[in-house]
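Each remark here refers to the structure printed beneath this line.
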Amino acid sequence: MLFLLAFVALYLLAVWTPIGQSAENALVVGFADQARIFEWSQSVGPPPLTAEHATVAVGLALIVLVALVRRCWREGCAAVGVVVVTIAGAEVLNKVVLPRPDLVGAPDNLTEASFPSGHVAIAAGLALGAVLIASPRTRPYVAAAGSLWLAVTAAAVQALYWHRPSDALGATLLACAAYALATQLLPPTVRDAVPSATPDVASRRRTLPAVALLPAAVGALLAGSREDALARPLVFAGAAFLCAVLIRILATQRSGRPVPRPQR
């Protein structure tokens with residue numbers, strides 16, 4: 001519910017207020033081909049910047065395959081649900097449900113509805129779906145890879161002027177809401193068992209989330225960079241990194257509801 005409330009609040013602030021529209025429109029200065037990732041995105045750019053449908057199909061196939069190998073049927077169904085709800089929800093909301101009124105007399109190229117971003121929804125949905133079916137041992141690494149992919153995608157679509165920062169954050173919040181709902185619908189599970197750790201191991205485990213987000217930060221800075229500006233790309237990178245942080249926070253939580261403690 002918290003993620004849905006944040007999604008609605010972000011939409012209302014960024015899309016339905018003159019201040020929000022003016023702030024984000026001010027970021028769209030120059031041309032898309034001045035983004036450093038432009039040429040790569042036009043040829044063999046990272047999915048889902050290219051081959052969106054193929055990215056979704058391959059991602060879902062891998063999730064199903066892992067679920068079959070690990071025999072985690074319920075988690076696999078939940079993961080597929082997260083992906084489908086996120087991507088389909090972003091498509092319907094963007095095209096049908098959530099309009100973008102012109103409150104500031106913007107140019108025609110800035111008045112089309114773009115909230116939430118479908119490209120970011122693909123990356124966020126698949127990343128959280130993969131986290132959901134990953135084993136406790138591999139989940140931190142799956143989350144790190146997913147956070148990096150999401151950060152690069154979110155920064156790139158902003159630098160290319162395909163989407164605004166609110167579009168990227170909105171898609172991520174939508175994916176987070178779907179993931180949170182899926183984990184609540186799963187049967188109660190015991191918190192992932194972790195063997196007793198020495199102080200050194202425990203220290204490494206505490207620092208893992210911060211270390212794992214470093215590639216996402218670097219990826220966001222590189223993918224969001226442009227040839228014609230420095231300050232605006234920092235905004236793009238910041239929004240993209242926040243998307244990665246949201247994914248990482250969810251990935252470090254338990255994958256289902258806790259088992260009630262027996263009463264004595």
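Starting from 1 in every chain, residues are counted up; chains themselves are A, B, ... following the order of the structure tokens, and ligands are numbered from 1 as listed.
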With only C-alpha atoms as the counted atoms, please give the residues lying no more than 9 Å from A:Pro48, apart from itself and same-chain residues fewer than 2 positions off, as a CSV table (one decimal) with N, CA and C atoms, in the first residue's frame.
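That gives us out-v7.csv:
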```
chain,number,residue,atom,x,y,z
A,45,GLY,N,22.0,-1.7,-28.1
A,45,GLY,CA,21.8,-1.2,-26.7
A,45,GLY,C,21.3,-2.2,-25.8
A,46,PRO,N,21.5,-2.0,-24.5
A,46,PRO,CA,21.1,-2.9,-23.5
A,46,PRO,C,19.5,-3.1,-23.5
A,50,THR,N,16.3,-1.9,-26.5
A,50,THR,CA,16.1,-2.5,-27.8
A,50,THR,C,15.4,-3.9,-27.6
A,51,ALA,N,14.6,-4.3,-28.5
A,51,ALA,CA,13.9,-5.6,-28.4
A,51,ALA,C,13.2,-5.8,-27.1
A,52,GLU,N,12.2,-4.9,-26.9
A,52,GLU,CA,11.5,-5.0,-25.6
A,52,GLU,C,10.7,-6.3,-25.5
A,53,HIS,N,10.0,-6.7,-26.5
A,53,HIS,CA,9.2,-8.0,-26.4
A,53,HIS,C,10.1,-9.2,-26.2
A,54,ALA,N,11.3,-9.2,-26.9
A,54,ALA,CA,12.2,-10.3,-26.7
A,54,ALA,C,12.7,-10.3,-25.3
A,55,THR,N,13.0,-9.2,-24.8
A,55,THR,CA,13.5,-9.1,-23.4
A,55,THR,C,12.5,-9.7,-22.4
A,56,VAL,N,11.2,-9.3,-22.6
A,56,VAL,CA,10.2,-9.8,-21.7
A,56,VAL,C,10.0,-11.3,-21.8
A,119,HIS,N,9.7,1.0,-20.4
A,119,HIS,CA,11.1,0.4,-20.5
A,119,HIS,C,11.6,0.1,-19.1
A,120,VAL,N,11.4,1.1,-18.2
A,120,VAL,CA,11.8,0.9,-16.8
A,120,VAL,C,11.0,-0.2,-16.1
A,122,ILE,N,9.8,-2.9,-17.5
A,122,ILE,CA,10.3,-4.2,-17.9
A,122,ILE,C,11.5,-4.6,-17.0
A,123,ALA,N,12.5,-3.6,-16.9
A,123,ALA,CA,13.7,-3.9,-16.1
A,123,ALA,C,13.3,-4.2,-14.6
A,153,THR,N,19.1,1.3,-17.3
A,153,THR,CA,17.9,1.5,-18.1
A,153,THR,C,17.2,2.8,-17.7
```
What lies within 9 Å of A:Glu227 using only C-alpha atoms, ignoring chain neighbours under 4 positions off, as a VMD selection string? chain A and resid 34 to 36
Which residues, written as a PDB file with N, CA, C and O atoms, in the first residue's frame, have at least one atom at most 10 Å from A:Val84, with only C-alpha atoms counted and residues fewer than 5 positions away on the same chain left out?
```pdb
ATOM      1  N   VAL A  56      11.198  -9.312 -22.571  1.00  0.00           N
ATOM      2  CA  VAL A  56      10.155  -9.841 -21.688  1.00  0.00           C
ATOM      3  C   VAL A  56      10.035 -11.348 -21.845  1.00  0.00           C
ATOM      4  O   VAL A  56       9.939 -12.089 -20.850  1.00  0.00           O
ATOM      5  N   LEU A  60      10.885 -13.924 -18.801  1.00  0.00           N
ATOM      6  CA  LEU A  60       9.861 -14.807 -18.241  1.00  0.00           C
ATOM      7  C   LEU A  60      10.261 -16.273 -18.388  1.00  0.00           C
ATOM      8  O   LEU A  60      10.029 -17.077 -17.473  1.00  0.00           O
ATOM      9  N   ALA A  78       4.283 -16.422  -8.398  1.00  0.00           N
ATOM     10  CA  ALA A  78       4.291 -15.054  -7.888  1.00  0.00           C
ATOM     11  C   ALA A  78       5.234 -14.181  -8.696  1.00  0.00           C
ATOM     12  O   ALA A  78       4.923 -13.008  -8.990  1.00  0.00           O
ATOM     13  N   ALA A  79       6.404 -14.717  -9.069  1.00  0.00           N
ATOM     14  CA  ALA A  79       7.370 -13.948  -9.850  1.00  0.00           C
ATOM     15  C   ALA A  79       6.807 -13.588 -11.221  1.00  0.00           C
ATOM     16  O   ALA A  79       6.951 -12.450 -11.688  1.00  0.00           O
ATOM     17  N   GLY A  89       0.501  -3.302 -16.301  1.00  0.00           N
ATOM     18  CA  GLY A  89      -0.020  -2.149 -15.576  1.00  0.00           C
ATOM     19  C   GLY A  89       0.578  -0.847 -16.081  1.00  0.00           C
ATOM     20  O   GLY A  89      -0.134   0.144 -16.264  1.00  0.00           O
ATOM     21  N   ALA A  90       1.896  -0.841 -16.320  1.00  0.00           N
ATOM     22  CA  ALA A  90       2.534   0.367 -16.838  1.00  0.00           C
ATOM     23  C   ALA A  90       2.006   0.720 -18.220  1.00  0.00           C
ATOM     24  O   ALA A  90       1.780   1.898 -18.529  1.00  0.00           O
ATOM     25  N   ALA A 121       9.674  -0.274 -16.452  1.00  0.00           N
ATOM     26  CA  ALA A 121       8.795  -1.297 -15.880  1.00  0.00           C
ATOM     27  C   ALA A 121       9.289  -2.694 -16.241  1.00  0.00           C
ATOM     28  O   ALA A 121       9.231  -3.618 -15.423  1.00  0.00           O
ATOM     29  N   ILE A 122       9.784  -2.867 -17.470  1.00  0.00           N
ATOM     30  CA  ILE A 122      10.311  -4.173 -17.880  1.00  0.00           C
ATOM     31  C   ILE A 122      11.511  -4.555 -17.018  1.00  0.00           C
ATOM     32  O   ILE A 122      11.589  -5.674 -16.482  1.00  0.00           O
ATOM     33  N   GLY A 125      10.350  -4.998 -13.215  1.00  0.00           N
ATOM     34  CA  GLY A 125       9.524  -6.184 -13.030  1.00  0.00           C
ATOM     35  C   GLY A 125      10.326  -7.464 -13.125  1.00  0.00           C
ATOM     36  O   GLY A 125      10.193  -8.371 -12.287  1.00  0.00           O
ATOM     37  N   LEU A 126      11.195  -7.562 -14.140  1.00  0.00           N
ATOM     38  CA  LEU A 126      12.009  -8.764 -14.300  1.00  0.00           C
ATOM     39  C   LEU A 126      13.044  -8.887 -13.181  1.00  0.00           C
ATOM     40  O   LEU A 126      13.332  -9.993 -12.713  1.00  0.00           O
ATOM     41  N   GLY A 129      11.156 -10.057 -10.161  1.00  0.00           N
ATOM     42  CA  GLY A 129      10.730 -11.433 -10.389  1.00  0.00           C
ATOM     43  C   GLY A 129      11.874 -12.408 -10.184  1.00  0.00           C
ATOM     44  O   GLY A 129      11.705 -13.478  -9.580  1.00  0.00           O
ATOM     45  N   ALA A 175       6.411  -1.600  -9.770  1.00  0.00           N
ATOM     46  CA  ALA A 175       7.000  -2.929  -9.621  1.00  0.00           C
ATOM     47  C   ALA A 175       7.148  -3.298  -8.148  1.00  0.00           C
ATOM     48  O   ALA A 175       6.896  -4.446  -7.751  1.00  0.00           O
ATOM     49  N   ALA A 178       3.781  -4.366  -6.787  1.00  0.00           N
ATOM     50  CA  ALA A 178       3.429  -5.719  -7.223  1.00  0.00           C
ATOM     51  C   ALA A 178       4.229  -6.763  -6.442  1.00  0.00           C
ATOM     52  O   ALA A 178       3.692  -7.808  -6.041  1.00  0.00           O
TER      53      ALA A 178
END
```
If you measure from atom CA of A:Ala240 to atom CA of A:Asp228, what distance in Å do you get, rounded to one decimal? 19.4 Å
Please indicate the distance in Å from atom CA of A:Trp16 to atom CA of A:Val152, rounded to one decimal place.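 Computing the Euclidean distance for atom CA of A:Trp16 and atom CA of A:Val152 yields 27.5 Å.
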Compile a residue-level contact table for stretch 64-129 of chain A against stretch 243-252 of chain A at a cut-off of 9 Å, reporting for every qualifying residue the shortest atom pair and its distance in Å to one decimal, with only C-alpha atoms counted, rows ordered by chain and ascending number, as a Markdown table.
```
| residue | atom | partner | partner_atom | distance |
| --- | --- | --- | --- | --- |
| A:Ala124 | CA | A:Ile247 | CA | 7.6 |
| A:Ala127 | CA | A:Ile247 | CA | 7.9 |
| A:Leu128 | CA | A:Ile247 | CA | 7.0 |
```
Which residues, written as a list in words, have at least one atom at most 9 Å from A:Val28, with only C-alpha atoms counted and residues fewer than 5 positions away on the same chain left out?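 The filter keeps Leu110, Gln158, Ala159, Tyr161, Arg164 and Arg232 of chain A.
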As a ChimeraX atom specification, which residues of stretch 76-241 of chain A does DSSP assign to alpha helix (DSSP H)? /A:76-92,118-133,139-159,165-185,199-212,214-223,231-241
